[in-house]
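Enquirer: Quick one: this structure, given as C-alpha cells, is what I'll be asking you about.
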Amino acid sequence: MTLTVVNPATEEPIVALAQAGEAETDEAVARAKAAFPAWRDLAPQDRAGRLRALAELVEEHLEELARIESENVGKPIAGARGEVGMVAQVFHYYAGAVDKHLGETIPAAGGVAATFREALGVVGLIVPWNFPLNIASWKLGPALACGNTVVLKPAELTPLSALRLAELALEAGIPEGVLNVVVGPGSVVGQRLVEHPDVAKIAFTGSTEVGRQVMRGAAAQIKRVTLELGGKSANVIFEDADLERAAGAAPYAVFDNAGQDCCARSRILVQSSVYDRFVELLVEATRRVKVGDPAEEITEMGPLISSAHRETVSSFIEGEPLFRGEAPGGPGYWFPCTLVEATNDDRVAREEVFGPVAAVIPFSDEAEAIGIANDTPYGLSGSIWTRDGARALRVSRALETGVISVNSNSSVRVQTPFGGFKQSGLGRELGMQALDGYSEVKTVFFSTES
Ligand code: NAD
C-alpha cells in the first residue's frame, strides 16, 4: 500500500510513499533493540557529541527542512523556519543535558544509598501532523540523551521532515538502529508500538481520544506513557490590561498554525466593562492577519491540513459570526479567521476546534473568569492580561493548566517544562524534567557494616 503525501495549500501530491505494516514495525523495534546496549553504554560525552552534531546539521539544513515542513503542513515559511530553529535548540539543549541528569546519594541507617538514572530501552514516539518535526524533537532529544533507542511514527499526513531528520541523524554519527522512522497508519503501526512487548515506553502527542486508547493499550504491560493531548485554553483579558497590546496579540494566540495548535487560546474571556472596546480592537487585529500562500515571506496563516479537517472545523460555525476574515479561493484547504460570540456552554467553547475559530466570552469579575477558564476537561495552556502583579500571580495559581503566560502568548520554551493538567495529558516535555520521563530511577544501597 502507498500513501500519497499532499500539499494542503495546492492539493497537489508531493510524493507517494510505501506504508509500513505490523511486520515492518516489528523489524524497526528489533533494530532499535539491537542498537540499544551500545548506545546506552556510549561515554556520555560521545553521546552528547553526536546529538550536538545533529543540532548543527539541522542548523545547516534549516532552509531545506523549513521548506519540507511548509509544503507538507501548509505552514507559512517564516514560522516554519522558527520551528526548525527550535528543533536545533532542542538537540543542543539535550546534548548539554546528557551528563547533567544526576542521581543522589542518600544517607541511610547502616550505609548509604545512591540513585542511578537508567535508560528504559526502546521507546515508541507517536506524533501528530500539526508540528511534525518540532514535537518529534521534544521526544527525541531527551529519549536519546538518556541512552534509549527509538521508533518514531510520524502522522500519515506529514511524514517527510521525520524521514529527512533520520538521514541527518546517521550523518551526525548516531548509529544505525538508534533512530528508526516507520511511516504508516496509526491504527496499525501506532497500535503495534503500543502493544509490542519490546517497547518500554510510548511518548504520544495527539488527540485526547487516541491518547486514551494508547493509555489503555499500555496498561497490559504497565508500559510507561507520556501523553500530550488536546486543549481548550483561555486567554483572559482583565479590564486593567493594556488592551491594545492584548488585542494585538490575541489573534496570534489562536490563528497561528491556522488554529491547529494544542495551545491555541481559543476561548477569549473578556471583562464586561471593557468588552465592547476590546472586541473592536480584536476585530481590527484579526483583519490584519495575512492569510495566503505559505511560501510567501509575509504570510502569517496558511490552509488547514485536509479537506476532511476543514469540514470538521466548518461544523462549529452556526449562525452569523462576530467576524469572518478573508481566505483565498481556488485549490487548498482554506478557512478564514473567525470570531464568534459564545457562552462557555456552547460547543465551540467546549470542544477543541483545531482551526482558526475563537470563541469570545464575557465575564464580570475575577472569580467568574477563573470559574469559566477552569470549566473544561482540558488544562494545557493559557494567558492572563493584566497590569496588576498580585492578580497575575493569584489567577495563574488558580488556573488548572500546565502552562500559563502573563501578558504574553508564549507556551513553549526549550528550557521550561511543558504539558497538561486534566485531560490534556500526563507527564512533561522539554526542560530538564523531560529526562525523568525517559529514565527509571534505580536505588542501590551500600552497607557500611563490616
Ligand atoms: P491523532 O490523535 O489523530 O493522531 C496522533 C498520532 O497518533 C498520529 O501519528 C496517528 O497516526 C497516531 N494514531 C492514531 N491512531 C492510533 C492508535 N490507535 N494507536 C496508536 N497511534 C495512533 O491526532 P492528530 O489529529 O494527528 O493531531 C491533532 C491532535 O493532537 C489535537 O487534539 C491536538 O490538540 C493534539 N496535540 C497535542 C499537543 C500537546 O503537546 N499537548 C501538541 C500537538 C497536538
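Identifiers for the C-alpha cells are assigned positionally: chains receive A, B, ... in sequence, residues are indexed from 1 per chain, and ligands are indexed from 1 in the order shown.
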Taking only C-alpha atoms and all ligand atoms into account, list the residues no farther than 6 Å from ligand 1, as an MDAnalysis selection string.

Expert: chainID A and resid 126:129 153:156 185:187 190:191 205:208 210 214 228:231 261:262

Enquirer: Generate a file of the selected residues that holds C-alpha atoms, formatted as an mmCIF file, in the first residue's frame.

Expert:
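That gives us part-v6.cif:
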```
data_model
loop_
_atom_site.group_PDB
_atom_site.id
_atom_site.type_symbol
_atom_site.label_atom_id
_atom_site.label_comp_id
_atom_site.auth_asym_id
_atom_site.auth_seq_id
_atom_site.Cartn_x
_atom_site.Cartn_y
_atom_site.Cartn_z
ATOM 1 C CA ILE A 126 3.958 8.779 18.127
ATOM 2 C CA VAL A 127 3.469 12.327 16.857
ATOM 3 C CA PRO A 128 0.727 14.393 15.161
ATOM 4 C CA TRP A 129 0.664 16.429 11.963
ATOM 5 C CA LYS A 153 5.928 7.154 13.953
ATOM 6 C CA PRO A 154 5.037 10.418 12.237
ATOM 7 C CA ALA A 155 1.424 11.230 11.332
ATOM 8 C CA GLU A 156 0.324 9.754 7.995
ATOM 9 C CA PRO A 185 -1.385 4.205 9.777
ATOM 10 C CA GLY A 186 -1.825 4.930 13.465
ATOM 11 C CA SER A 187 -4.241 2.068 13.876
ATOM 12 C CA GLY A 190 0.969 3.093 16.291
ATOM 13 C CA GLN A 191 -1.077 0.369 17.847
ATOM 14 C CA THR A 205 1.196 13.538 21.213
ATOM 15 C CA GLY A 206 -2.220 13.718 19.601
ATOM 16 C CA SER A 207 -5.899 13.803 20.370
ATOM 17 C CA THR A 208 -7.297 13.004 23.792
ATOM 18 C CA VAL A 210 -6.389 8.361 20.768
ATOM 19 C CA VAL A 214 -2.802 4.418 23.968
ATOM 20 C CA GLU A 228 0.411 15.384 25.273
ATOM 21 C CA LEU A 229 -3.219 15.759 24.267
ATOM 22 C CA GLY A 230 -5.860 18.285 23.316
ATOM 23 C CA GLY A 231 -6.563 21.718 24.756
ATOM 24 C CA ASP A 261 -2.269 24.188 17.824
ATOM 25 C CA CYS A 262 -2.914 22.304 21.048
#
```

Enquirer: Write down as an NGL selection string the residues belonging to stretch 8-83 of chain A that are assigned helix (DSSP H, G or I) by DSSP computed on the backbone.

Expert: :A and (22-41 or 44-60 or 62-73 or 77-83)

Enquirer: Mind checking which residues fall within 9 Å of stretch 400-417 of chain A, counting only C-alpha atoms, ignoring those fewer than 3 positions away in the same chain, and posting them as a PyMOL selection string?

Expert: chain A and resi 86+89-90+93+138+233+235+241-242+245-246+249-250+252-253+263+265+373-374+378-387+392-393+396-397+420-422+424+428-434

Enquirer: Can you list, as a list of chain:residue names, every protein, DNA or RNA residue that comes within 10 Å of A:Pro197 when you count only C-alpha atoms, leaving out same-chain residues fewer than 2 positions away?

Expert: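 The contact residues come out as A:Val29, A:Arg192, A:Leu193, A:Val194, A:Glu195, A:Val199, A:Ala200, A:Ala218, A:Ala220, A:Gln221, A:Lys223.
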
Enquirer: Emit the selected residues as an mmCIF file, in the first residue's frame, including C-alpha atoms.

Expert:
```
data_model
loop_
_atom_site.group_PDB
_atom_site.id
_atom_site.type_symbol
_atom_site.label_atom_id
_atom_site.label_comp_id
_atom_site.auth_asym_id
_atom_site.auth_seq_id
_atom_site.Cartn_x
_atom_site.Cartn_y
_atom_site.Cartn_z
ATOM 1 C CA VAL A 29 11.641 -2.430 17.035
ATOM 2 C CA ARG A 192 1.656 -2.219 17.259
ATOM 3 C CA LEU A 193 4.160 0.001 19.057
ATOM 4 C CA VAL A 194 1.742 0.285 21.971
ATOM 5 C CA GLU A 195 1.306 -3.500 22.129
ATOM 6 C CA VAL A 199 8.773 -1.312 23.583
ATOM 7 C CA ALA A 200 9.309 0.003 27.100
ATOM 8 C CA ALA A 218 -0.153 0.351 27.517
ATOM 9 C CA ALA A 220 -1.481 -4.537 29.562
ATOM 10 C CA GLN A 221 2.287 -4.401 30.200
ATOM 11 C CA LYS A 223 4.180 0.273 29.784
#
```

Enquirer: Can you build me a table of stretch 69-164 of chain A residues sitting at most 10 Å from stretch 303-316 of chain A, with the closest atom pair per residue and its distance in Å to one decimal, using only C-alpha atoms, sorted by chain and residue number, as a tab-separated table?

Expert:
```
residue	atom	partner	partner_atom	distance
A:Asn72	CA	A:Ile305	CA	8.6
A:Val73	CA	A:Ile305	CA	6.1
A:Gly74	CA	A:Pro303	CA	5.8
A:Lys75	CA	A:Pro303	CA	7.7
A:Pro76	CA	A:Pro303	CA	9.3
A:Trp129	CA	A:Ile305	CA	8.1
A:Asn130	CA	A:Ile305	CA	8.0
A:Leu157	CA	A:Ile305	CA	8.1
A:Thr158	CA	A:Ile305	CA	9.3
```

Enquirer: Which residues are close to stretch 19-22 of chain A, i.e. within 7 Å by only C-alpha atoms, leaving aside same-chain residues fewer than 6 positions away? Reply as JSON, numbers by chain.

Expert: {"A": [1, 2, 3, 182, 183, 184, 188, 189, 192]}

Enquirer: Would you mind exporting the chosen residues as a PDB file, in the first residue's frame, restricted to all heavy atoms?

Expert:
```
ATOM      1  N   MET A   1       0.841  -1.210   0.000  1.00  0.00           N
ATOM      2  CA  MET A   1       0.000   0.000   0.000  1.00  0.00           C
ATOM      3  C   MET A   1       0.875   1.259   0.000  1.00  0.00           C
ATOM      4  O   MET A   1       1.871   1.320   0.696  1.00  0.00           O
ATOM      5  CB  MET A   1      -0.852   0.015   1.273  1.00  0.00           C
ATOM      6  CG  MET A   1      -2.120  -0.827   1.154  1.00  0.00           C
ATOM      7  SD  MET A   1      -3.572   0.167   1.486  1.00  0.00           S
ATOM      8  CE  MET A   1      -3.331   0.614   3.192  1.00  0.00           C
ATOM      9  N   THR A   2       0.438   2.250  -0.763  1.00  0.00           N
ATOM     10  CA  THR A   2       1.202   3.503  -0.748  1.00  0.00           C
ATOM     11  C   THR A   2       0.371   4.613  -0.109  1.00  0.00           C
ATOM     12  O   THR A   2      -0.847   4.531   0.001  1.00  0.00           O
ATOM     13  CB  THR A   2       1.601   3.947  -2.168  1.00  0.00           C
ATOM     14  OG1 THR A   2       0.412   4.070  -2.938  1.00  0.00           O
ATOM     15  CG2 THR A   2       2.573   2.992  -2.813  1.00  0.00           C
ATOM     16  N   LEU A   3       1.091   5.632   0.288  1.00  0.00           N
ATOM     17  CA  LEU A   3       0.494   6.770   0.955  1.00  0.00           C
ATOM     18  C   LEU A   3       0.889   8.000   0.147  1.00  0.00           C
ATOM     19  O   LEU A   3       2.077   8.235  -0.075  1.00  0.00           O
ATOM     20  CB  LEU A   3       1.099   6.839   2.362  1.00  0.00           C
ATOM     21  CG  LEU A   3       0.814   8.050   3.201  1.00  0.00           C
ATOM     22  CD1 LEU A   3      -0.560   7.880   3.838  1.00  0.00           C
ATOM     23  CD2 LEU A   3       1.874   8.162   4.290  1.00  0.00           C
ATOM     24  N   VAL A 182       9.105   4.920  11.113  1.00  0.00           N
ATOM     25  CA  VAL A 182       8.182   3.999  10.434  1.00  0.00           C
ATOM     26  C   VAL A 182       6.951   4.787  10.008  1.00  0.00           C
ATOM     27  O   VAL A 182       6.263   5.391  10.847  1.00  0.00           O
ATOM     28  CB  VAL A 182       7.768   2.834  11.367  1.00  0.00           C
ATOM     29  CG1 VAL A 182       6.854   1.874  10.628  1.00  0.00           C
ATOM     30  CG2 VAL A 182       8.994   2.096  11.874  1.00  0.00           C
ATOM     31  N   VAL A 183       6.690   4.795   8.708  1.00  0.00           N
ATOM     32  CA  VAL A 183       5.554   5.556   8.166  1.00  0.00           C
ATOM     33  C   VAL A 183       4.401   4.592   7.910  1.00  0.00           C
ATOM     34  O   VAL A 183       4.550   3.614   7.177  1.00  0.00           O
ATOM     35  CB  VAL A 183       5.950   6.245   6.844  1.00  0.00           C
ATOM     36  CG1 VAL A 183       4.749   6.960   6.226  1.00  0.00           C
ATOM     37  CG2 VAL A 183       7.092   7.215   7.078  1.00  0.00           C
ATOM     38  N   GLY A 184       3.264   4.872   8.530  1.00  0.00           N
ATOM     39  CA  GLY A 184       2.102   4.002   8.321  1.00  0.00           C
ATOM     40  C   GLY A 184       0.941   4.454   9.182  1.00  0.00           C
ATOM     41  O   GLY A 184       1.066   5.401   9.968  1.00  0.00           O
ATOM     42  N   VAL A 188      -2.398   0.823  12.822  1.00  0.00           N
ATOM     43  CA  VAL A 188      -1.565  -0.369  12.594  1.00  0.00           C
ATOM     44  C   VAL A 188      -0.193  -0.183  13.263  1.00  0.00           C
ATOM     45  O   VAL A 188       0.140  -0.864  14.233  1.00  0.00           O
ATOM     46  CB  VAL A 188      -1.390  -0.636  11.072  1.00  0.00           C
ATOM     47  CG1 VAL A 188      -0.523  -1.860  10.846  1.00  0.00           C
ATOM     48  CG2 VAL A 188      -2.746  -0.779  10.398  1.00  0.00           C
ATOM     49  N   VAL A 189       0.563   0.797  12.761  1.00  0.00           N
ATOM     50  CA  VAL A 189       1.934   0.994  13.265  1.00  0.00           C
ATOM     51  C   VAL A 189       1.901   1.511  14.706  1.00  0.00           C
ATOM     52  O   VAL A 189       2.599   0.990  15.594  1.00  0.00           O
ATOM     53  CB  VAL A 189       2.710   1.980  12.359  1.00  0.00           C
ATOM     54  CG1 VAL A 189       4.079   2.277  12.938  1.00  0.00           C
ATOM     55  CG2 VAL A 189       2.824   1.423  10.947  1.00  0.00           C
ATOM     56  N   ARG A 192       0.658  -1.155  17.082  1.00  0.00           N
ATOM     57  CA  ARG A 192       1.656  -2.219  17.259  1.00  0.00           C
ATOM     58  C   ARG A 192       2.755  -1.772  18.234  1.00  0.00           C
ATOM     59  O   ARG A 192       3.218  -2.552  19.068  1.00  0.00           O
ATOM     60  CB  ARG A 192       2.258  -2.603  15.900  1.00  0.00           C
ATOM     61  CG  ARG A 192       3.266  -3.720  15.950  1.00  0.00           C
ATOM     62  CD  ARG A 192       2.646  -5.050  16.377  1.00  0.00           C
ATOM     63  NE  ARG A 192       3.661  -6.061  16.648  1.00  0.00           N
ATOM     64  CZ  ARG A 192       3.580  -6.993  17.591  1.00  0.00           C
ATOM     65  NH1 ARG A 192       2.513  -7.069  18.367  1.00  0.00           N
ATOM     66  NH2 ARG A 192       4.550  -7.867  17.760  1.00  0.00           N
TER      67      ARG A 192
END
```

Enquirer: Please return as JSON, numbers by chain: the residues of stretch 96-317 of chain A that backbone DSSP assigns to strand (DSSP E).

Expert: {"A": [105, 106, 107, 108, 111, 112, 113, 114, 115, 116, 117, 118, 119, 122, 123, 124, 125, 126, 149, 150, 151, 152, 153, 179, 180, 181, 199, 200, 201, 202, 203, 204, 205, 224, 225, 226, 227, 228, 234, 235, 236, 237, 267, 268, 269, 270, 271]}

Enquirer: Find the spatial neighbours of A:Glu83, counting only C-alpha atoms, within a cut-off of 9 Å - ignore same-chain residues fewer than 6 positions away - and output them as a tab-separated table (two decimals) with all heavy atoms, in the first residue's frame.

Expert:
```
chain	number	residue	atom	x	y	z
A	66	ALA	N	12.72	23.57	6.67
A	66	ALA	CA	11.59	24.50	6.79
A	66	ALA	C	10.71	24.42	5.55
A	66	ALA	O	9.48	24.47	5.64
A	66	ALA	CB	12.10	25.93	7.00
A	131	PHE	N	2.74	20.00	14.24
A	131	PHE	CA	4.13	20.47	14.37
A	131	PHE	C	5.02	19.23	14.25
A	131	PHE	O	5.65	18.81	15.23
A	131	PHE	CB	4.35	21.16	15.72
A	131	PHE	CG	3.56	22.42	15.91
A	131	PHE	CD1	2.38	22.43	16.63
A	131	PHE	CD2	4.00	23.62	15.34
A	131	PHE	CE1	1.65	23.59	16.80
A	131	PHE	CE2	3.26	24.79	15.50
A	131	PHE	CZ	2.08	24.77	16.24
A	133	LEU	N	7.99	18.08	13.02
A	133	LEU	CA	9.40	17.94	13.39
A	133	LEU	C	9.65	18.44	14.82
A	133	LEU	O	10.41	17.85	15.58
A	133	LEU	CB	10.28	18.70	12.39
A	133	LEU	CG	11.75	18.32	12.38
A	133	LEU	CD1	11.93	16.84	12.07
A	133	LEU	CD2	12.53	19.17	11.39
A	134	ASN	N	8.99	19.55	15.13
A	134	ASN	CA	9.14	20.12	16.46
A	134	ASN	C	8.79	19.13	17.55
A	134	ASN	O	9.57	18.88	18.47
A	134	ASN	CB	8.14	21.28	16.56
A	134	ASN	CG	8.79	22.54	16.99
A	134	ASN	OD1	9.20	22.65	18.14
A	134	ASN	ND2	8.91	23.48	16.08
```

Enquirer: Find the distance between atom CA of A:Ala109 and atom CA of A:Val444 and write it in Å to one decimal.

Expert: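 Computing the Euclidean distance for atom CA of A:Ala109 and atom CA of A:Val444 yields 13.7 Å.
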
Enquirer: Compare A:Glu209, A:Glu366, A:Glu176, A:Glu318 by their minimum atom-to-atom distance to A:Ala34, counting only C-alpha atoms, and give me the closest one.

Expert: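 Nearest to A:Ala34: A:Glu176.
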
Enquirer: List the neighbours of stretch 344-347 of chain A out to 12 Å using only C-alpha atoms; skip same-chain residues closer than 5 positions along the sequence, and give me the result as a PyMOL selection string.

Expert: chain A and resi 232-234+266-269+313+315-318+352-353+357-363+368-369+371-376

Enquirer: Produce a file of the selected residues containing N, CA, C and O atoms, as an mmCIF file, in the first residue's frame.

Expert:
```cif
data_model
loop_
_atom_site.group_PDB
_atom_site.id
_atom_site.type_symbol
_atom_site.label_atom_id
_atom_site.label_comp_id
_atom_site.auth_asym_id
_atom_site.auth_seq_id
_atom_site.Cartn_x
_atom_site.Cartn_y
_atom_site.Cartn_z
ATOM 1 N N LYS A 232 -8.117 23.449 25.298
ATOM 2 C CA LYS A 232 -9.172 24.442 25.026
ATOM 3 C C LYS A 232 -8.848 25.633 25.911
ATOM 4 O O LYS A 232 -9.585 25.969 26.850
ATOM 5 N N SER A 233 -7.700 26.221 25.631
ATOM 6 C CA SER A 233 -7.124 27.165 26.587
ATOM 7 C C SER A 233 -7.805 28.524 26.542
ATOM 8 O O SER A 233 -8.384 28.929 25.532
ATOM 9 N N ALA A 234 -7.690 29.235 27.673
ATOM 10 C CA ALA A 234 -8.335 30.545 27.819
ATOM 11 C C ALA A 234 -7.301 31.653 27.707
ATOM 12 O O ALA A 234 -6.169 31.519 28.164
ATOM 13 N N SER A 266 -8.246 29.410 22.379
ATOM 14 C CA SER A 266 -9.430 29.506 21.522
ATOM 15 C C SER A 266 -10.661 29.976 22.283
ATOM 16 O O SER A 266 -11.726 30.102 21.711
ATOM 17 N N ARG A 267 -10.495 30.227 23.585
ATOM 18 C CA ARG A 267 -11.554 30.909 24.343
ATOM 19 C C ARG A 267 -10.982 32.237 24.817
ATOM 20 O O ARG A 267 -10.047 32.256 25.621
ATOM 21 N N ILE A 268 -11.515 33.329 24.273
ATOM 22 C CA ILE A 268 -11.034 34.659 24.672
ATOM 23 C C ILE A 268 -12.039 35.209 25.684
ATOM 24 O O ILE A 268 -13.173 35.532 25.334
ATOM 25 N N LEU A 269 -11.634 35.259 26.955
ATOM 26 C CA LEU A 269 -12.509 35.710 28.033
ATOM 27 C C LEU A 269 -12.240 37.191 28.276
ATOM 28 O O LEU A 269 -11.086 37.572 28.551
ATOM 29 N N VAL A 313 -13.967 21.605 11.039
ATOM 30 C CA VAL A 313 -13.866 22.983 11.544
ATOM 31 C C VAL A 313 -15.141 23.761 11.181
ATOM 32 O O VAL A 313 -15.715 24.463 12.023
ATOM 33 N N SER A 315 -18.062 22.754 10.864
ATOM 34 C CA SER A 315 -19.251 22.324 11.616
ATOM 35 C C SER A 315 -19.422 23.103 12.916
ATOM 36 O O SER A 315 -20.484 23.048 13.539
ATOM 37 N N PHE A 316 -18.390 23.845 13.319
ATOM 38 C CA PHE A 316 -18.503 24.615 14.562
ATOM 39 C C PHE A 316 -19.177 25.967 14.359
ATOM 40 O O PHE A 316 -19.511 26.649 15.310
ATOM 41 N N ILE A 317 -19.323 26.378 13.108
ATOM 42 C CA ILE A 317 -19.870 27.716 12.857
ATOM 43 C C ILE A 317 -21.380 27.610 12.646
ATOM 44 O O ILE A 317 -21.844 27.059 11.652
ATOM 45 N N GLU A 318 -22.110 28.154 13.612
ATOM 46 C CA GLU A 318 -23.577 28.188 13.494
ATOM 47 C C GLU A 318 -23.984 29.653 13.523
ATOM 48 O O GLU A 318 -23.547 30.385 14.402
ATOM 49 N N GLU A 352 -12.385 21.052 21.255
ATOM 50 C CA GLU A 352 -11.214 21.578 20.557
ATOM 51 C C GLU A 352 -11.559 21.695 19.066
ATOM 52 O O GLU A 352 -11.804 20.683 18.404
ATOM 53 N N VAL A 353 -11.576 22.916 18.520
ATOM 54 C CA VAL A 353 -11.923 23.101 17.102
ATOM 55 C C VAL A 353 -10.718 22.718 16.225
ATOM 56 O O VAL A 353 -10.862 22.119 15.178
ATOM 57 N N VAL A 357 -10.751 29.421 14.699
ATOM 58 C CA VAL A 357 -12.047 29.854 15.227
ATOM 59 C C VAL A 357 -11.884 30.145 16.719
ATOM 60 O O VAL A 357 -11.463 29.254 17.467
ATOM 61 N N ALA A 358 -12.200 31.379 17.124
ATOM 62 C CA ALA A 358 -12.095 31.732 18.544
ATOM 63 C C ALA A 358 -13.467 32.076 19.093
ATOM 64 O O ALA A 358 -14.246 32.773 18.435
ATOM 65 N N ALA A 359 -13.756 31.596 20.286
ATOM 66 C CA ALA A 359 -14.996 31.931 20.980
ATOM 67 C C ALA A 359 -14.711 33.098 21.925
ATOM 68 O O ALA A 359 -13.773 33.025 22.724
ATOM 69 N N VAL A 360 -15.485 34.166 21.813
ATOM 70 C CA VAL A 360 -15.288 35.330 22.675
ATOM 71 C C VAL A 360 -16.378 35.303 23.746
ATOM 72 O O VAL A 360 -17.571 35.251 23.430
ATOM 73 N N ILE A 361 -15.947 35.321 25.009
ATOM 74 C CA ILE A 361 -16.874 35.079 26.126
ATOM 75 C C ILE A 361 -16.699 36.179 27.170
ATOM 76 O O ILE A 361 -15.582 36.384 27.664
ATOM 77 N N PRO A 362 -17.791 36.888 27.545
ATOM 78 C CA PRO A 362 -17.647 37.923 28.575
ATOM 79 C C PRO A 362 -17.648 37.343 30.001
ATOM 80 O O PRO A 362 -18.206 36.277 30.228
ATOM 81 N N PHE A 363 -16.994 38.082 30.932
ATOM 82 C CA PHE A 363 -17.097 37.719 32.360
ATOM 83 C C PHE A 363 -17.186 38.998 33.175
ATOM 84 O O PHE A 363 -16.748 40.061 32.724
ATOM 85 N N GLU A 368 -15.372 34.911 38.452
ATOM 86 C CA GLU A 368 -16.093 34.308 37.327
ATOM 87 C C GLU A 368 -15.119 33.908 36.203
ATOM 88 O O GLU A 368 -15.265 32.851 35.583
ATOM 89 N N ALA A 369 -14.116 34.745 35.995
ATOM 90 C CA ALA A 369 -13.121 34.419 34.949
ATOM 91 C C ALA A 369 -12.432 33.093 35.265
ATOM 92 O O ALA A 369 -12.265 32.235 34.382
ATOM 93 N N GLY A 371 -13.587 30.692 37.132
ATOM 94 C CA GLY A 371 -14.586 29.621 37.008
ATOM 95 C C GLY A 371 -14.767 29.195 35.555
ATOM 96 O O GLY A 371 -14.766 27.993 35.244
ATOM 97 N N ILE A 372 -14.893 30.170 34.670
ATOM 98 C CA ILE A 372 -15.097 29.838 33.244
ATOM 99 C C ILE A 372 -13.833 29.178 32.671
ATOM 100 O O ILE A 372 -13.899 28.153 31.994
ATOM 101 N N ALA A 373 -12.689 29.776 32.972
ATOM 102 C CA ALA A 373 -11.437 29.226 32.412
ATOM 103 C C ALA A 373 -11.253 27.770 32.822
ATOM 104 O O ALA A 373 -10.813 26.936 32.023
ATOM 105 N N ASN A 374 -11.618 27.450 34.067
ATOM 106 C CA ASN A 374 -11.418 26.077 34.561
ATOM 107 C C ASN A 374 -12.554 25.126 34.193
ATOM 108 O O ASN A 374 -12.425 23.918 34.382
ATOM 109 N N ASP A 375 -13.634 25.668 33.662
ATOM 110 C CA ASP A 375 -14.787 24.817 33.333
ATOM 111 C C ASP A 375 -14.571 24.161 31.959
ATOM 112 O O ASP A 375 -15.184 24.529 30.955
ATOM 113 N N THR A 376 -13.654 23.221 31.918
ATOM 114 C CA THR A 376 -13.288 22.493 30.702
ATOM 115 C C THR A 376 -12.575 21.214 31.138
ATOM 116 O O THR A 376 -11.896 21.211 32.168
#
```

Enquirer: Mind giving me the straight-line distance from atom CA of A:Val254 to atom CA of A:Pro356 in Å, one decimal?

Expert: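 Taking atom CA of A:Val254 as the start and atom CA of A:Pro356 as the end point, the length is 6.5 Å.
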